[in-house]
$ cat final.txt   # compact mmCIF, C-alpha atoms
# COMPACT_ATOMS: atom_id res chain seq x y z
CA MET A 1257 130.71 367.27 78.87
CA ILE A 1258 128.79 365.57 81.73
CA LYS A 1259 126.39 367.85 83.53
CA GLN A 1260 126.86 368.45 87.25
CA PRO A 1261 123.55 366.85 88.33
CA GLU A 1262 124.48 363.69 86.44
CA LYS A 1263 127.85 363.61 88.17
CA GLU A 1264 126.19 363.94 91.56
CA LYS A 1265 123.75 361.19 90.63
CA ASN A 1266 126.62 358.89 89.66
CA VAL A 1267 128.31 359.56 92.99
CA GLN A 1268 125.07 358.75 94.80
CA TYR A 1269 124.71 355.51 92.84
CA LYS A 1270 128.28 354.63 93.72
CA TYR A 1271 127.76 355.01 97.46
CA ILE A 1272 124.40 353.23 97.32
CA LEU A 1273 126.11 350.31 95.60
CA ILE A 1274 128.88 350.28 98.23
CA GLY A 1275 126.25 350.33 100.97
CA LEU A 1276 124.41 347.39 99.42
CA LEU A 1277 127.65 345.44 99.13
CA ILE A 1278 128.46 346.07 102.79
CA LEU A 1279 124.93 345.15 103.89
CA LEU A 1280 124.87 341.91 101.92
CA GLY A 1281 128.40 341.11 103.06
CA LEU A 1282 127.41 341.48 106.72
CA ILE A 1283 124.34 339.26 106.22
CA ILE A 1284 126.37 336.57 104.49
CA PHE A 1285 129.12 336.81 107.13
CA LYS A 1286 126.57 336.36 109.92
CA TYR A 1287 125.27 333.07 108.55
CA THR A 1288 128.60 331.71 107.32
CA ARG A 1289 130.45 332.52 110.56
CA PRO A 1290 130.64 328.83 111.66
CA TYR A 1291 132.41 328.02 108.38
CA MET A 1292 134.79 330.98 108.45
CA SER A 1293 137.68 328.74 109.50
CA GLY A 1294 137.10 326.72 106.33
CA PHE A 1295 137.31 329.81 104.12
CA LEU A 1296 140.42 331.03 105.91
CA GLY A 1297 141.99 327.57 105.73
CA ALA A 1298 141.36 327.47 101.99
CA ALA A 1299 142.95 330.91 101.58
CA THR A 1300 145.99 329.79 103.59
CA LEU A 1301 146.46 326.63 101.57
CA TYR A 1302 145.90 328.58 98.34
CA VAL A 1303 148.89 330.80 99.13
CA ILE A 1304 151.03 327.71 99.75
CA VAL A 1305 149.99 325.58 96.74
CA ASN A 1306 149.21 328.23 94.12
CA GLY A 1307 152.77 327.92 92.82
CA GLN A 1308 152.11 324.26 92.07
CA GLN A 1309 148.93 325.20 90.20
CA LYS A 1310 150.82 327.66 88.00
CA TYR A 1311 153.55 325.11 87.34
CA LEU A 1312 151.08 322.41 86.31
CA THR A 1313 149.06 324.71 84.06
CA GLN A 1314 151.83 326.86 82.56
CA LYS A 1315 154.76 324.44 82.37
CA LEU A 1316 153.05 321.06 81.96
CA ASN A 1317 149.96 322.39 80.15
CA PHE A 1318 147.47 320.68 82.47
CA LYS A 1319 143.88 321.83 82.34
CA LYS A 1320 143.00 323.93 85.37
CA PRO A 1321 140.27 321.61 86.71
CA LEU A 1322 142.62 318.60 86.50
CA SER A 1323 145.55 320.37 88.16
CA ALA A 1324 143.25 321.78 90.85
CA LEU A 1325 141.89 318.29 91.55
CA ILE A 1326 145.42 316.86 91.86
CA ILE A 1327 146.45 319.57 94.31
CA VAL A 1328 143.25 319.24 96.36
CA LEU A 1329 143.85 315.48 96.67
CA GLU A 1330 147.44 316.21 97.71
CA VAL A 1331 146.22 318.60 100.40
CA LEU A 1332 143.60 316.08 101.54
CA PHE A 1333 145.93 313.08 101.90
CA PHE A 1334 149.08 314.81 103.12
CA ILE A 1335 147.68 317.62 105.31
CA LEU A 1336 144.00 317.39 106.21
CA ILE A 1337 143.63 313.63 106.79
CA PRO A 1338 146.74 313.44 109.03
CA LEU A 1339 145.50 316.43 111.06
CA THR A 1340 142.03 314.91 111.41
CA GLY A 1341 143.50 311.53 112.34
CA ILE A 1342 145.64 313.06 115.07
CA ALA A 1343 142.61 314.91 116.42
CA PHE A 1344 140.57 311.69 116.57
CA LEU A 1345 143.50 309.91 118.24
CA VAL A 1346 143.51 312.52 120.98
CA ILE A 1347 139.72 312.26 121.43
CA ASP A 1348 139.80 308.46 121.46
CA THR A 1349 142.54 308.40 124.06
CA PHE A 1350 140.82 310.94 126.29
CA SER A 1351 137.53 309.05 126.01
CA GLY A 1352 139.14 306.13 127.81
CA ILE A 1353 140.37 308.27 130.68
CA THR A 1354 138.25 308.33 133.82
CA ILE A 1355 138.71 311.32 136.06
CA ASP A 1356 138.23 310.77 139.78
CA PRO A 1357 138.03 314.24 141.35
CA GLU A 1358 138.25 312.93 144.91
CA ALA A 1359 141.40 310.91 144.20
CA ILE A 1360 143.04 313.86 142.43
CA LEU A 1361 142.15 316.23 145.23
CA ALA A 1362 143.42 313.77 147.86
CA LYS A 1363 146.81 313.51 146.10
CA VAL A 1364 147.05 317.27 145.72
CA ASN A 1365 146.17 317.80 149.38
CA HIS A 1366 148.77 315.22 150.48
CA PHE A 1367 151.47 316.91 148.38
CA ILE A 1368 150.52 320.39 149.61
CA THR A 1369 150.48 319.19 153.22
CA LEU A 1370 154.00 317.81 152.93
CA LEU A 1371 155.17 321.02 151.26
CA GLU A 1372 153.53 323.22 153.91
CA GLU A 1373 155.14 321.17 156.71
CA ARG A 1374 158.53 321.79 155.17
CA LEU A 1375 157.93 325.52 154.55
CA GLY A 1376 156.05 326.20 157.80
CA PHE A 1377 153.10 328.18 156.33
CA ASN A 1378 149.91 327.51 154.34
CA ILE A 1379 149.99 327.79 150.55
CA PHE A 1380 146.58 326.63 149.32
CA THR A 1381 143.31 325.47 150.79
CA PRO A 1382 141.26 322.45 149.63
CA GLU A 1383 138.53 324.81 148.44
CA SER A 1384 140.88 326.70 146.13
CA LEU A 1385 142.24 323.44 144.70
CA ALA A 1386 138.81 321.93 144.02
CA VAL A 1387 138.59 323.83 140.71
CA ILE A 1388 141.37 321.65 139.21
CA PRO A 1389 139.43 318.37 138.85
CA ARG A 1390 136.23 320.20 137.92
CA ALA A 1391 138.03 321.82 134.99
CA GLY A 1392 139.33 318.46 133.81
CA THR A 1393 135.84 316.94 133.44
CA ASN A 1394 135.05 319.30 130.54
CA ILE A 1395 138.08 318.41 128.40
CA LEU A 1396 136.41 315.65 126.38
CA GLN A 1397 133.34 317.72 125.60
CA VAL A 1398 135.42 320.70 124.39
CA LEU A 1399 137.71 318.53 122.28
CA GLY A 1400 134.79 316.63 120.76
CA SER A 1401 133.03 319.83 119.74
CA GLY A 1402 136.26 321.21 118.28
CA VAL A 1403 136.91 318.08 116.20
CA TYR A 1404 133.35 318.09 114.83
CA THR A 1405 133.74 321.72 113.74
CA PHE A 1406 137.17 320.93 112.28
CA VAL A 1407 135.80 318.05 110.16
CA ILE A 1408 132.98 320.23 108.78
CA ASN A 1409 135.46 322.94 107.88
CA VAL A 1410 137.75 320.40 106.18
CA ILE A 1411 134.94 319.79 103.68
CA VAL A 1412 134.54 323.55 103.20
CA ILE A 1413 138.30 323.89 102.66
CA LEU A 1414 138.32 321.27 99.89
CA PHE A 1415 135.46 322.83 97.92
CA VAL A 1416 136.63 326.44 98.29
CA LEU A 1417 140.27 325.59 97.54
CA TYR A 1418 139.30 323.70 94.37
CA TYR A 1419 137.37 326.64 92.91
CA MET A 1420 140.01 329.15 93.97
CA LEU A 1421 142.64 327.14 92.09
CA CYS A 1422 140.39 326.77 89.04
CA SER A 1423 140.09 330.57 88.79
CA ASN A 1424 143.39 331.62 90.36
CA ASP A 1425 144.25 334.29 87.77
CA GLU A 1426 140.83 335.94 87.98
CA PHE A 1427 140.91 335.71 91.77
CA GLU A 1428 144.27 337.49 92.03
CA LYS A 1429 143.28 340.16 89.50
CA SER A 1430 140.08 340.93 91.38
CA ILE A 1431 142.02 341.33 94.64
CA ARG A 1432 144.45 343.71 92.94
CA GLU A 1433 141.65 345.80 91.47
CA ILE A 1434 140.02 346.59 94.80
CA LEU A 1435 143.22 347.43 96.70
CA PRO A 1436 143.31 351.25 97.06
CA PHE A 1437 147.07 351.53 96.48
CA LYS A 1438 149.42 352.37 93.68
CA GLU A 1439 150.99 349.40 91.88
CA GLU A 1440 154.21 349.46 93.89
CA ASN A 1441 152.33 349.23 97.17
CA LYS A 1442 150.07 346.50 95.78
CA GLN A 1443 153.25 344.55 95.09
CA ILE A 1444 154.44 345.11 98.65
CA VAL A 1445 151.09 344.03 100.15
CA ALA A 1446 151.18 340.84 98.06
CA GLU A 1447 154.74 340.04 99.14
CA GLU A 1448 154.18 340.77 102.81
CA THR A 1449 150.90 338.84 102.95
CA ARG A 1450 152.49 335.81 101.32
CA LEU A 1451 155.50 335.93 103.64
CA ILE A 1452 153.40 336.24 106.79
CA ILE A 1453 151.05 333.40 105.80
CA GLN A 1454 153.95 331.14 104.86
CA ALA A 1455 155.82 331.98 108.06
CA ASN A 1456 152.84 330.90 110.16
CA ALA A 1457 151.42 328.09 107.99
CA ILE A 1458 154.82 326.42 107.57
CA GLY A 1459 156.70 327.64 110.63
CA ILE A 1460 154.09 326.70 113.24
CA PRO A 1461 153.71 323.03 112.12
CA LEU A 1462 157.49 322.64 111.87
CA LEU A 1463 157.93 324.10 115.35
CA ALA A 1464 155.18 321.79 116.66
CA ILE A 1465 156.88 318.72 115.16
CA ILE A 1466 160.27 319.68 116.61
CA GLN A 1467 158.92 320.33 120.09
CA GLY A 1468 156.70 317.25 119.98
CA PHE A 1469 159.75 315.11 119.16
CA PHE A 1470 161.87 316.47 122.02
CA ALA A 1471 158.91 316.21 124.39
CA TYR A 1472 158.37 312.57 123.37
CA MET A 1473 162.00 311.76 124.14
CA GLY A 1474 161.66 313.40 127.56
CA TYR A 1475 158.42 311.58 128.40
CA LEU A 1476 160.04 308.24 127.51
CA LEU A 1477 163.15 309.11 129.52
CA PHE A 1478 161.19 309.94 132.68
CA GLY A 1479 158.70 307.08 132.48
CA VAL A 1480 155.54 308.96 131.49
CA GLU A 1481 152.71 306.66 130.38
CA SER A 1482 151.04 307.37 127.00
CA ALA A 1483 154.13 309.31 125.96
CA ILE A 1484 153.05 309.57 122.31
CA LEU A 1485 149.70 311.12 123.28
CA TYR A 1486 151.28 313.72 125.53
CA ALA A 1487 153.89 314.46 122.85
CA ILE A 1488 151.04 315.19 120.39
CA LEU A 1489 149.36 317.45 122.96
CA THR A 1490 152.69 319.20 123.52
CA ALA A 1491 153.03 319.76 119.79
CA PHE A 1492 149.55 321.28 119.57
CA SER A 1493 150.18 323.49 122.60
CA THR A 1494 152.89 325.40 120.73
CA ILE A 1495 150.13 327.63 119.30
CA ILE A 1496 149.11 328.82 122.78
CA PRO A 1497 150.69 332.22 123.42
CA ILE A 1498 153.02 332.85 126.37
CA VAL A 1499 152.53 329.56 128.27
CA GLY A 1500 152.98 327.29 125.23
CA THR A 1501 154.13 323.74 125.95
CA THR A 1502 154.37 324.46 129.67
CA ILE A 1503 150.64 323.77 129.89
CA VAL A 1504 151.36 320.09 129.12
CA TRP A 1505 154.71 319.07 130.58
CA ALA A 1506 154.40 321.07 133.84
CA PRO A 1507 151.18 319.29 135.02
CA ILE A 1508 152.71 315.92 134.06
CA GLY A 1509 155.81 316.68 136.13
CA ILE A 1510 153.67 317.84 139.05
CA GLY A 1511 151.61 314.66 138.69
CA LEU A 1512 154.76 312.57 139.06
CA LEU A 1513 155.61 314.50 142.22
CA LEU A 1514 152.10 313.88 143.58
CA ASN A 1515 152.69 310.15 143.07
CA ALA A 1516 155.90 310.45 145.14
CA ASP A 1517 158.07 309.87 142.04
CA TYR A 1518 160.33 312.75 142.96
CA VAL A 1519 163.30 311.85 140.75
CA ASN A 1520 161.28 311.62 137.51
CA GLY A 1521 159.04 314.54 138.51
CA ILE A 1522 161.91 316.94 139.17
CA GLY A 1523 163.79 315.56 136.17
CA LEU A 1524 160.85 316.13 133.81
CA LEU A 1525 160.25 319.65 135.09
CA ALA A 1526 163.92 320.51 134.59
CA TYR A 1527 163.92 318.83 131.16
CA GLY A 1528 160.81 320.77 130.15
CA PHE A 1529 162.20 324.09 131.32
CA PHE A 1530 165.69 323.79 129.82
CA ILE A 1531 165.29 321.41 126.84
CA ILE A 1532 161.71 321.77 125.59
CA GLY A 1533 161.62 325.48 126.40
CA GLY A 1534 165.11 326.01 124.99
CA VAL A 1535 164.27 324.18 121.77
CA ASP A 1536 161.18 326.37 121.45
CA ASN A 1537 163.22 329.59 121.67
CA VAL A 1538 165.99 328.43 119.33
CA ALA A 1539 163.75 326.79 116.73
CA ARG A 1540 161.32 329.71 116.70
CA PHE A 1541 164.17 332.17 116.18
CA LEU A 1542 165.72 330.14 113.34
CA LEU A 1543 162.39 329.54 111.59
CA GLN A 1544 161.46 333.22 111.76
CA LYS A 1545 164.81 334.21 110.27
CA LYS A 1546 164.44 331.63 107.50
CA LEU A 1547 160.77 332.24 106.58
CA ALA A 1548 159.99 335.82 107.60
CA ASP A 1549 161.50 337.89 110.38
CA ILE A 1550 158.31 339.04 112.10
CA HIS A 1551 158.49 340.74 115.47
CA PRO A 1552 157.58 338.22 118.23
CA LEU A 1553 155.01 340.61 119.74
CA ILE A 1554 153.07 340.58 116.45
CA THR A 1555 152.90 336.80 116.60
CA VAL A 1556 151.93 336.65 120.28
CA PHE A 1557 149.24 339.32 120.20
CA GLY A 1558 148.11 338.18 116.75
CA VAL A 1559 147.43 334.68 118.07
CA LEU A 1560 145.60 336.12 121.08
CA ILE A 1561 143.39 338.09 118.67
CA GLY A 1562 142.99 335.34 116.09
CA LEU A 1563 142.09 332.30 118.19
CA PRO A 1564 138.78 333.69 119.54
CA MET A 1565 137.87 335.03 116.09
CA PHE A 1566 138.86 332.19 113.76
CA GLY A 1567 139.57 329.13 115.91
CA PHE A 1568 142.49 326.94 114.76
CA TRP A 1569 143.25 329.12 111.72
CA GLY A 1570 143.51 332.15 113.99
CA VAL A 1571 147.17 331.27 114.60
CA ILE A 1572 147.76 332.34 110.98
CA PHE A 1573 145.18 335.04 110.35
CA GLY A 1574 145.46 336.76 113.73
CA PRO A 1575 149.11 337.74 113.11
CA LEU A 1576 148.20 338.52 109.49
CA ILE A 1577 145.50 341.03 110.49
CA LEU A 1578 147.78 342.70 113.02
CA SER A 1579 150.65 342.75 110.51
CA LEU A 1580 148.44 344.34 107.83
CA LEU A 1581 147.41 347.05 110.30
CA ILE A 1582 151.07 347.87 110.96
CA LEU A 1583 151.88 347.59 107.24
CA PHE A 1584 149.16 350.10 106.25
CA PHE A 1585 150.31 352.43 109.03
CA ASN A 1586 153.89 352.26 107.71
CA MET A 1587 152.64 352.84 104.16
CA TYR A 1588 150.81 355.96 105.28
CA ARG A 1589 153.93 357.28 106.99
CA HIS A 1590 156.08 356.42 103.99
CA GLU A 1591 153.79 358.15 101.47
CA TYR A 1592 152.23 361.08 103.29
CA VAL A 1593 154.41 362.11 106.26
CA PRO A 1594 157.19 364.45 105.10
CA GLY A 1595 160.63 363.36 106.23
CA SER A 1596 159.46 359.98 107.54
CA ARG A 1597 162.04 357.20 107.36
CA ALA A 1598 159.41 354.48 107.69
CA GLU A 1599 159.66 351.61 105.20
CA PRO A 1600 156.36 350.18 103.94
CA ARG A 1601 157.16 346.76 105.40
CA VAL A 1602 156.38 344.57 108.40
CA THR A 1603 158.91 341.80 107.91
CA THR A 1604 162.57 342.78 107.82
CA ARG A 1605 163.39 340.62 104.83
CA TYR A 1606 163.72 343.28 102.16
CA LYS A 1607 165.46 340.97 99.70
CA THR A 1608 162.55 338.62 99.27
CA ARG A 1609 161.48 336.83 96.13
CA LYS A 1610 158.97 338.87 94.23
CA VAL A 1611 155.36 337.86 93.92
CA LYS A 1612 154.39 337.64 90.26
CA ILE A 1613 151.64 340.11 89.51
CA PRO A 1614 150.43 339.97 85.90
CA GLY A 1615 151.20 343.09 83.90
CA TYR A 1616 153.33 344.78 86.53
CA GLU A 1617 157.07 345.11 86.99
CA PRO A 1618 157.80 346.36 90.53
CA GLY A 1619 159.81 349.54 90.88
CA LYS A 1620 162.47 350.18 93.46
CA LEU A 1621 161.46 351.26 96.92
CA LYS A 1622 162.32 354.74 98.00
CA THR A 1623 165.31 354.63 100.32
CA LYS A 1624 167.01 357.44 102.13
CA ILE A 1625 170.74 357.47 102.71
CA LYS A 1626 172.54 359.04 105.60
CA ASP A 1627 172.63 362.81 105.64
CA THR A 1628 175.83 364.06 104.03
CA PRO A 1629 176.67 367.20 102.06
CA ASP A 1630 176.00 365.29 98.85
CA ALA A 1631 173.09 363.24 100.16
CA THR A 1632 170.28 362.65 97.72
CA GLU A 1633 167.20 360.47 97.71
CA LYS A 1634 167.16 357.54 95.41
CA GLU A 1635 163.97 356.46 93.80
$ encode --input "final.txt" --output "structure tokens"
Amino acid sequence: MIKQPEKEKNVQYKYILIGLLILLGLIIFKYTRPYMSGFLGAATLYVIVNGQQKYLTQKLNFKKPLSALIIVLEVLFFILIPLTGIAFLVIDTFSGITIDPEAILAKVNHFITLLEERLGFNIFTPESLAVIPRAGTNILQVLGSGVYTFVINVIVILFVLYYMLCSNDEFEKSIREILPFKEENKQIVAEETRLIIQANAIGIPLLAIIQGFFAYMGYLLFGVESAILYAILTAFSTIIPIVGTTIVWAPIGIGLLLNADYVNGIGLLAYGFFIIGGVDNVARFLLQKKLADIHPLITVFGVLIGLPMFGFWGVIFGPLILSLLILFFNMYRHEYVPGSRAEPRVTTRYKTRKVKIPGYEPGKLKTKIKDTPDATEKE
């Protein structure tokens, strides 16, 4: 039998070890913060392509390093290079644009003057409008810095993803070991995390492509120059919460009005509001139902949280962090609050495909049926 002092000493060693782990983790996090988007990007892509890795190694008997290399090359040529190319296209196009603040302000003042004459009262002053051209002069610098950071993190993604795929079984087992849940709840966390990541990593690019296509058709229809560039910007703007694509097509429509092209200006604004905005609502609803039915507020506030923290990958990991918070809260209610009807879920897709966890067969979730004289709880 272990003596009491030895037990206390073991407990002290345990907490000292935990403290050292936290301290070293904070130090490492501080100096790897600029590359955090690369680590998160690798984790996102790992969730998406890990099924391919298991297929190549278990079904086709490929060696893990070879299958990991094949998948990394696939990610590089079909995902990362196209994204980087689009980013450089945007930068190259913007680098050829010269912004004349005086000309812009003169057009805005002329338009406002005409509008005020019709309405009979003042709307804006030249001083309040002067911020518009000043803000535009910083676009190239911000985009250039963002692309440089993105390229550096692409390299980080490739290296981290390769080694995660090479040791995928050990990686998943280590994650399971440190989760402080019973096996059933570990299964749920794995399922929900995978669903949320897939919903954002697949759903957001699909939504961007759909909106970019409809925006491109509208820009061509209403005579917008550099329609392909603005369509790409519209696609990227889908990740911006609340305002979304409005931040692109609304200024273009107003610009047409400032140039006295009233027919195309009004037409584009109406097209953007009804068609581009309508496609956004319909496509987002259908994609969420198909991939994972996550509450829209989780996505909106998750993106608002994630973008300042993680940059581009914040559109995925912001909603994930917020969803995990709600998931853990629901788990606590489900397990420890007597009489609670909370389900330990965030998504509403209960009949989802199970995540394969080695050595574990998931049990049935506890469900409560409607109160009747013969009502019983099923395990």
$ atom_distance --input "final.txt" --atom1 "CA of Ala1299 in chain A" --atom2 "CA of Gly1500 in chain A"
25.9 Å
$ closest_residue --input "final.txt" --among "A:Gly1570, A:Gly1297, A:Gly1275, A:Pro1321" --to "Asn1424 in chain A" --atoms "all atoms listed in the file"
A:Pro1321
$ residues_around --input "final.txt" --residues "Gly1562 in chain A" --least-positions-apart "5" --cutoff "12 Å" --atoms "all atoms listed in the file" --output "list in words"
Ser1293, Leu1296, Ile1495, Ile1496, Pro1497, Ile1554, Thr1555, Val1556, Phe1557, Gly1567, Phe1568, Trp1569, Gly1570, Val1571, Ile1572, Phe1573, Gly1574, Pro1575, Leu1576, Ile1577 and Leu1578 of chain A
$ atom_distance --input "final.txt" --atom1 "CA of Ile1326 in chain A" --atom2 "CA of Arg1450 in chain A"
22.3 Å
$ atom_distance --input "final.txt" --atom1 "CA of Ile1342 in chain A" --atom2 "CA of Leu1553 in chain A"
29.5 Å
$ residues_around --input "final.txt" --residues "Ala1487 in chain A" --least-positions-apart "3" --cutoff "12 Å" --atoms "all atoms listed in the file" --output "PyMOL selection string"
chain A and resi 1342+1346+1464-1476+1480-1484+1490-1494+1501+1504-1505+1508+1528+1532
$ residues_around --input "final.txt" --residues "range 1287-1291 of chain A" --least-positions-apart "2" --cutoff "10 Å" --atoms "only C-alpha atoms" --output "PyMOL selection string"
chain A and resi 1282-1285+1293-1297+1405-1406+1408-1413+1565-1567
$ closest_residue --input "final.txt" --among "A:Val1499, A:Pro1600, A:Leu1512, A:Thr1313" --to "Leu1560 in chain A" --atoms "all atoms listed in the file"
A:Val1499
$ build_atoms --input "final.txt" --residues "range 1409-1429 of chain A" --atoms "N, CA, C and O atoms" --output "compact mmCIF listing (two decimals), in the frame of the given file"
# COMPACT_ATOMS: atom_id res chain seq x y z
N ASN A 1409 134.69 321.94 108.59
CA ASN A 1409 135.46 322.94 107.88
C ASN A 1409 136.47 322.33 106.91
O ASN A 1409 136.87 322.99 105.95
N VAL A 1410 136.89 321.09 107.15
CA VAL A 1410 137.75 320.40 106.18
C VAL A 1410 137.02 320.26 104.85
O VAL A 1410 137.60 320.47 103.77
N ILE A 1411 135.74 319.91 104.90
CA ILE A 1411 134.94 319.79 103.68
C ILE A 1411 134.83 321.14 102.98
O ILE A 1411 134.97 321.24 101.75
N VAL A 1412 134.61 322.20 103.77
CA VAL A 1412 134.54 323.55 103.20
C VAL A 1412 135.87 323.91 102.54
O VAL A 1412 135.90 324.48 101.43
N ILE A 1413 136.96 323.59 103.20
CA ILE A 1413 138.30 323.89 102.66
C ILE A 1413 138.48 323.25 101.29
O ILE A 1413 138.95 323.90 100.34
N LEU A 1414 138.11 321.98 101.15
CA LEU A 1414 138.32 321.27 99.89
C LEU A 1414 137.54 321.91 98.75
O LEU A 1414 138.09 322.11 97.65
N PHE A 1415 136.28 322.23 98.98
CA PHE A 1415 135.46 322.83 97.92
C PHE A 1415 135.97 324.23 97.56
O PHE A 1415 136.13 324.56 96.37
N VAL A 1416 136.21 325.07 98.56
CA VAL A 1416 136.63 326.44 98.29
C VAL A 1416 138.00 326.46 97.63
O VAL A 1416 138.24 327.21 96.66
N LEU A 1417 138.92 325.64 98.11
CA LEU A 1417 140.27 325.59 97.54
C LEU A 1417 140.23 325.16 96.08
O LEU A 1417 140.95 325.72 95.24
N TYR A 1418 139.40 324.18 95.75
CA TYR A 1418 139.30 323.70 94.37
C TYR A 1418 138.88 324.84 93.43
O TYR A 1418 139.51 325.06 92.39
N TYR A 1419 137.86 325.59 93.80
CA TYR A 1419 137.37 326.64 92.91
C TYR A 1419 138.30 327.85 92.90
O TYR A 1419 138.38 328.57 91.89
N MET A 1420 139.01 328.09 93.98
CA MET A 1420 140.01 329.15 93.97
C MET A 1420 141.15 328.82 93.02
O MET A 1420 141.64 329.69 92.28
N LEU A 1421 141.57 327.55 93.00
CA LEU A 1421 142.64 327.14 92.09
C LEU A 1421 142.18 327.14 90.64
O LEU A 1421 142.95 327.47 89.73
N CYS A 1422 140.91 326.79 90.41
CA CYS A 1422 140.39 326.77 89.04
C CYS A 1422 140.33 328.18 88.44
O CYS A 1422 140.43 328.33 87.22
N SER A 1423 140.17 329.19 89.29
CA SER A 1423 140.09 330.57 88.79
C SER A 1423 141.13 331.44 89.48
O SER A 1423 140.84 332.55 89.91
N ASN A 1424 142.36 330.91 89.58
CA ASN A 1424 143.39 331.62 90.36
C ASN A 1424 143.77 332.95 89.74
O ASN A 1424 143.96 333.95 90.45
N ASP A 1425 143.88 333.03 88.40
CA ASP A 1425 144.25 334.29 87.77
C ASP A 1425 143.19 335.36 87.98
O ASP A 1425 143.49 336.50 88.34
N GLU A 1426 141.93 334.98 87.78
CA GLU A 1426 140.83 335.94 87.98
C GLU A 1426 140.73 336.36 89.43
O GLU A 1426 140.45 337.53 89.74
N PHE A 1427 140.98 335.42 90.34
CA PHE A 1427 140.91 335.71 91.77
C PHE A 1427 141.96 336.75 92.15
O PHE A 1427 141.67 337.73 92.85
N GLU A 1428 143.20 336.56 91.70
CA GLU A 1428 144.27 337.49 92.03
C GLU A 1428 144.04 338.86 91.39
O GLU A 1428 144.32 339.90 92.01
N LYS A 1429 143.55 338.88 90.16
CA LYS A 1429 143.28 340.16 89.50
C LYS A 1429 142.19 340.94 90.22
O LYS A 1429 142.27 342.17 90.38
